[in-house]
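**Student:** Questions regarding the structure given below will be posed in turn.
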2 protein chains.
Amino acid sequence: MFEQITIIGPGLLGASLAMKSQEAALSQRLVIGARRAQTRDTCMAQSWCDAAFCEPEAAVSESDLIVICTPIGSIVPLLKQIAPAIKPGAFVIDVGSTKRAICEAAEQISKQRFTFIGAHPMAGSEKSGLAYARPDLYEAAACILTPTEQTPEHALETIKSFWETIGTHVHVMDPESHDQTVAAISHLPHLLASALSANLGQQDSTWNQLSGPGLRDTTRIAAGDPTLWQQILLENKGPLLKALAGFENSLAEFKAALQSTDAKVIQDLLKKGKAFRDLLNHD
Amino acid sequence: MFEQITIIGPGLLGASLAMKSQEAALSQRLVIGARRAQTRDTCMAQSWCDAAFCEPEAAVSESDLIVICTPIGSIVPLLKQIAPAIKPGAFVIDVGSTKRAICEAAEQISKQRFTFIGAHPMAGSEKSGLAYARPDLYEAAACILTPTEQTPEHALETIKSFWETIGTHVHVMDPESHDQTVAAISHLPHLLASALSANLGQQDSTWNQLSGPGLRDTTRIAAGDPTLWQQILLENKGPLLKALAGFENSLAEFKAALQSTDAKVIQDLLKKGKAFRDLLNHD
């Protein structure tokens, strides 16, 4: 599909993508960009890595697909840095959790000399790093692509086909809709899991010994990297606050029904919650 | 350990307990009490079931350990019904999610002719019913026992030993402390998962196609039985509202930090959440 793919930032998402790209023969060569020498050495020892560069410009200059897999705070600065080195007509995608600001900046930077399309695969784990990477991380996951009015149709088709070969179900929406949607289905759940976990910890840290599978699952994502998530939550602050306000309304309904011992309303809310949860793809 | 154990209500918890009791040779005979003929037939076809009765009095009359595994709303009425049929000196335990009201009523009912000790194994699933039962459901789970001042020491030791043989880690606390603790670590997480799930469903039911593993885990328990959970949440209303108020404070801190773009406070809250989550037993 491509002659050479570059993956910058071979963490959980980046290295899993590299593994799957090789497995699916998506390119003839796969090149890594990574600042740390140890990461480059680890990559070079893998069958999927043909070359590893410290300087991102060197990593991207020969590639026709570049995937930026760094934390969202560094995507735009990195794109500015590599832009002059990118081959004309190349494709650049990212895997960041927010899209509006990144896509806006990317269009300013690319000036249509190369094509940037925002991508957000809904895969991952609270565990980060190359050590946890696996080729099936993306299998059956949703992947949201966020083209803009300037995105050429053929470019979208190419990138769509790339993510489908990786194993994801591709959904297309504009960057703003993406940010509002993931505020509700990803960033809000993270904020709630973290708030619950922080609250329990400050009350009684021995409660960890009593927890059942329910609490473990409900709070699992709170174990994610605080630095990464602080960036995501703040970058998507506006839509997240809106999603939070909606949740607070539902919580207030629940609270009022408890206070007035209204079994019917409580059961209705539980039923509505179950109805939505039962729709989610099976684990 | 016992000559005969009776399990009333062979659902997920009851049937799993029956399986493990047989595996660990905890009694010579195991008897089931179940209202529905189909459930009794299913049980009788299992190697662990020696007899199955429709009438709970008949199921308990010859047993030296009786385990009530029915939904919490029916525990006290059932106990009243079977009390006259229970052998003097027998042990009665339950597996209900709340303890104060049940233990108070049980002492009134038993009049020390038999010994009731409240038990709450922190095991289970959003899936209910005999079909999902498995002998290792309780393996390494916490089990909270709630004796009162009237509980004889030897009785507590016997029941503790029973639950340890089942595979749980036993914790002992008074019924009131139990209810406050599980309000925070089990009932509040359930309420939040349900409120989030209900809120997302009423906004856009197609979001289910975009969800990642984070949302699936965070909301998993919202798929639980609404009737069971309505009973639990209302029965533990007081402690639950208190736990909810604590959570709302943590949520308000998060919200204020987002509104004022205070990266440091957000990162601190995320770190606190991660610190508690990292303490939880590994999945």
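Residue names in the structure tokens use chain letters A, B, ... in the order shown, residue numbers from 1 in each chain, and ligand numbers from 1 in the order shown.
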Find the residues near range 145-149 of chain A: any atom within 9 Å, counting only C-alpha atoms, skip ones fewer than 2 places away on the same chain, and give them as a list in words.
**Tutor:**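 Result of the neighbour search: Lys99, Arg100, Cys103, Glu104, Phe116, Ile117, Gly118, Ala119, His120, Pro121, Cys143, Thr151, Pro152, Leu156, Ile159, Lys160, Val170, His171, Val172, Met173, Asp174, Pro175, Glu176, Ser177 and His178 of chain A.
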**Student:** Tell me, as a list in words, which residues lie within 9 Å of range 199-211 of chain B, counting only C-alpha atoms; anything in the same chain fewer than 5 positions away does not count.
**Tutor:**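 Non-adjacent residues within range: Met122, Ala141, Ala142, Cys143, Ile144, His169, His171, Thr181, Val182, Ala184, Ile185, Ser186, Gly246, Phe247, Asn249, Ser250, Leu251, Lys272, Gly273, Ala275, Phe276, Arg277, Leu279, Leu280 and Asn281 of chain A; Ser194 and Arg216 of chain B.
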**Student:** Can you work out the spacing between CA of Ser63 in chain B and CA of Ile5 in chain B in Å, to one decimal?
**Tutor:**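 About the pair CA of Ser63 in chain B and CA of Ile5 in chain B: they are 5.4 Å apart.
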**Student:** As a PyMOL selection string, please: the residues near range 109-111 of chain B (cut-off 7 Å, only C-alpha atoms, same-chain neighbours under 4 positions excluded).
**Tutor:** chain B and resi 80+83+105+115
**Student:** Excluding range 67-70 of chain B and its own-chain neighbours fewer than 3 positions away, which residues fall within 7 Å of it when counting only C-alpha atoms? Please give them as a ChimeraX atom specification.
**Tutor:** /B:6-10,13-14,74-75,92-95
**Student:** B:Leu188, B:Ala140, B:Ala101, B:Ala198: which is nearest Trp229 in chain B, counting only C-alpha atoms?
**Tutor:**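 Looking at the shortest contact to Trp229 in chain B, the residue is B:Leu188.
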**Student:** With a distance cut-off of 10 Å and only C-alpha atoms, select the neighbouring residues of Asp136 in chain B, excluding the residue or stretch itself and same-chain residues fewer than 3 positions from it, and output the selection as JSON, numbers by chain.
**Tutor:** {"B": [16, 17, 19, 20, 133, 139, 140, 141, 166, 167]}
**Student:** Based on the selection just made, write N, CA and C atoms of those residues as a compact mmCIF listing (two decimals), in the first residue's frame.
**Tutor:**
```txt
# COMPACT_ATOMS: atom_id res chain seq x y z
N SER B 16 -22.71 -20.74 42.22
CA SER B 16 -21.23 -20.75 42.26
C SER B 16 -20.76 -21.26 43.63
N LEU B 17 -21.46 -20.83 44.67
CA LEU B 17 -21.12 -21.27 46.03
C LEU B 17 -21.35 -22.77 46.17
N MET B 19 -21.22 -25.03 43.77
CA MET B 19 -20.15 -25.72 43.02
C MET B 19 -18.87 -25.81 43.83
N LYS B 20 -18.49 -24.66 44.40
CA LYS B 20 -17.24 -24.61 45.14
C LYS B 20 -17.33 -25.42 46.44
N ALA B 133 -22.82 -19.37 36.53
CA ALA B 133 -22.14 -19.79 37.75
C ALA B 133 -20.85 -20.56 37.44
N GLU B 139 -12.87 -16.89 44.02
CA GLU B 139 -11.43 -17.03 44.22
C GLU B 139 -10.75 -15.67 44.42
N ALA B 140 -10.11 -15.51 45.57
CA ALA B 140 -9.34 -14.31 45.90
C ALA B 140 -10.19 -13.05 46.08
N ALA B 141 -11.52 -13.21 46.10
CA ALA B 141 -12.39 -12.06 46.37
C ALA B 141 -12.37 -11.73 47.86
N ILE B 166 -13.85 -21.41 50.81
CA ILE B 166 -14.45 -21.04 49.50
C ILE B 166 -13.44 -20.28 48.64
N GLY B 167 -12.43 -19.69 49.28
CA GLY B 167 -11.38 -19.03 48.51
C GLY B 167 -11.31 -17.52 48.73
```
**Student:** Determine, counting only C-alpha atoms, which protein, DNA and RNA residues have an atom within 9 Å of an atom of range 232-239 of chain A; residues of the same chain fewer than 4 positions away are not included. Present the result as a ChimeraX atom specification.
**Tutor:** /A:71-73,96-101,179-184,187-188,190-191,227-228,243-244 /B:258-259,261-263,266
**Student:** How would the residues just chosen look if you wrote them out with N, CA and C atoms as a compact mmCIF listing (two decimals), in the first residue's frame?
**Tutor:**
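File again_31.txt, as written:
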```
# COMPACT_ATOMS: atom_id res chain seq x y z
N PRO A 71 2.29 12.15 22.50
CA PRO A 71 1.22 12.77 23.30
C PRO A 71 0.67 14.01 22.62
N ILE A 72 -0.63 14.31 22.83
CA ILE A 72 -1.25 15.35 22.01
C ILE A 72 -0.58 16.72 22.12
N GLY A 73 0.01 17.03 23.26
CA GLY A 73 0.65 18.34 23.43
C GLY A 73 1.80 18.55 22.46
N GLY A 96 -4.11 11.15 17.99
CA GLY A 96 -4.43 11.92 19.19
C GLY A 96 -5.92 11.88 19.54
N SER A 97 -6.20 12.14 20.82
CA SER A 97 -7.56 12.02 21.35
C SER A 97 -8.41 13.26 21.14
N THR A 98 -7.83 14.35 20.67
CA THR A 98 -8.62 15.53 20.32
C THR A 98 -8.25 15.91 18.89
N LYS A 99 -9.14 16.62 18.22
CA LYS A 99 -8.92 16.81 16.79
C LYS A 99 -9.06 18.24 16.29
N ARG A 100 -9.94 19.07 16.85
CA ARG A 100 -10.22 20.37 16.26
C ARG A 100 -8.97 21.24 16.14
N ALA A 101 -8.30 21.48 17.26
CA ALA A 101 -7.13 22.36 17.27
C ALA A 101 -6.00 21.77 16.42
N ASP A 179 -14.64 16.02 18.62
CA ASP A 179 -14.25 16.45 19.97
C ASP A 179 -15.44 16.42 20.93
N GLN A 180 -16.62 16.76 20.41
CA GLN A 180 -17.81 16.72 21.27
C GLN A 180 -18.17 15.27 21.62
N THR A 181 -18.06 14.39 20.63
CA THR A 181 -18.40 12.99 20.87
C THR A 181 -17.45 12.34 21.86
N VAL A 182 -16.15 12.50 21.64
CA VAL A 182 -15.21 11.83 22.56
C VAL A 182 -15.18 12.49 23.93
N ALA A 183 -15.56 13.78 24.00
CA ALA A 183 -15.72 14.39 25.33
C ALA A 183 -16.70 13.56 26.14
N ALA A 184 -17.79 13.15 25.47
CA ALA A 184 -18.84 12.40 26.18
C ALA A 184 -18.47 10.94 26.41
N HIS A 187 -13.58 11.17 27.37
CA HIS A 187 -12.94 12.07 28.34
C HIS A 187 -13.76 12.20 29.62
N LEU A 188 -15.08 12.29 29.48
CA LEU A 188 -15.94 12.33 30.68
C LEU A 188 -15.81 11.04 31.50
N HIS A 190 -13.30 9.16 31.73
CA HIS A 190 -11.99 9.21 32.39
C HIS A 190 -12.03 10.14 33.60
N LEU A 191 -12.62 11.31 33.40
CA LEU A 191 -12.71 12.26 34.50
C LEU A 191 -13.50 11.67 35.68
N THR A 227 -0.02 12.70 33.09
CA THR A 227 0.48 13.78 32.23
C THR A 227 -0.24 13.77 30.88
N LEU A 228 -0.36 12.58 30.29
CA LEU A 228 -1.08 12.47 29.02
C LEU A 228 -2.52 12.95 29.16
N ALA A 243 -20.19 18.17 28.31
CA ALA A 243 -20.57 16.77 28.57
C ALA A 243 -20.77 16.55 30.08
N LEU A 244 -19.91 17.17 30.86
CA LEU A 244 -20.00 17.04 32.32
C LEU A 244 -21.32 17.62 32.84
N LEU B 258 -10.76 22.60 35.64
CA LEU B 258 -10.93 22.66 34.18
C LEU B 258 -11.32 24.07 33.76
N GLN B 259 -12.31 24.62 34.47
CA GLN B 259 -12.81 25.95 34.12
C GLN B 259 -11.70 27.00 34.17
N THR B 261 -8.53 26.31 33.78
CA THR B 261 -7.37 25.76 33.06
C THR B 261 -6.18 25.58 33.99
N ASP B 262 -6.43 24.99 35.16
CA ASP B 262 -5.38 24.80 36.14
C ASP B 262 -4.75 23.41 35.97
N ALA B 263 -3.74 23.35 35.11
CA ALA B 263 -3.12 22.06 34.75
C ALA B 263 -2.58 21.34 35.99
N ILE B 266 -5.41 19.69 38.01
CA ILE B 266 -5.92 18.54 37.25
C ILE B 266 -4.95 17.37 37.33
```
**Student:** Do you know which residues are at most 9 Å from Pro213 in chain B counting only C-alpha atoms, after dropping those on the same chain fewer than 5 positions away, and could you put them as a compact mmCIF listing (two decimals) with N, CA and C atoms, in the first residue's frame?
**Tutor:**
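Output saved as result-v9.txt:
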```txt
# COMPACT_ATOMS: atom_id res chain seq x y z
N MET A 122 -10.08 4.24 18.67
CA MET A 122 -10.59 4.10 20.04
C MET A 122 -10.05 2.80 20.64
N ALA A 123 -8.74 2.75 20.74
CA ALA A 123 -8.08 1.57 21.30
C ALA A 123 -7.04 2.07 22.28
N GLY A 124 -6.51 1.18 23.05
CA GLY A 124 -5.50 1.57 24.00
C GLY A 124 -5.74 0.90 25.31
N SER A 125 -5.10 1.42 26.32
CA SER A 125 -5.12 0.76 27.61
C SER A 125 -4.64 1.75 28.63
N ALA A 141 -11.70 -2.32 16.77
CA ALA A 141 -11.90 -1.03 17.43
C ALA A 141 -12.50 -0.04 16.43
N ASP A 283 -17.43 -7.44 25.18
CA ASP A 283 -16.02 -7.50 25.58
C ASP A 283 -15.49 -8.93 25.38
N THR B 218 -15.80 1.18 32.16
CA THR B 218 -16.34 2.14 33.12
C THR B 218 -17.83 1.90 33.35
```
**Student:** Run DSSP on the backbone and tell me which residues of range 167-262 of chain A come out as alpha helix (DSSP H); list them as JSON, numbers by chain.
**Tutor:** {"A": [175, 176, 177, 178, 179, 180, 181, 182, 188, 189, 190, 191, 192, 193, 194, 195, 196, 197, 198, 199, 200, 201, 202, 203, 213, 214, 215, 216, 217, 218, 219, 226, 227, 228, 229, 230, 231, 232, 233, 234, 235, 237, 238, 239, 240, 241, 242, 243, 244, 245, 246, 247, 248, 249, 250, 251, 252, 253, 254, 255, 256, 257, 258, 259]}
**Student:** What is the CA of Arg134 in chain A-CA of Arg35 in chain A distance in Å, reported with one decimal?
**Tutor:** 21.5 Å
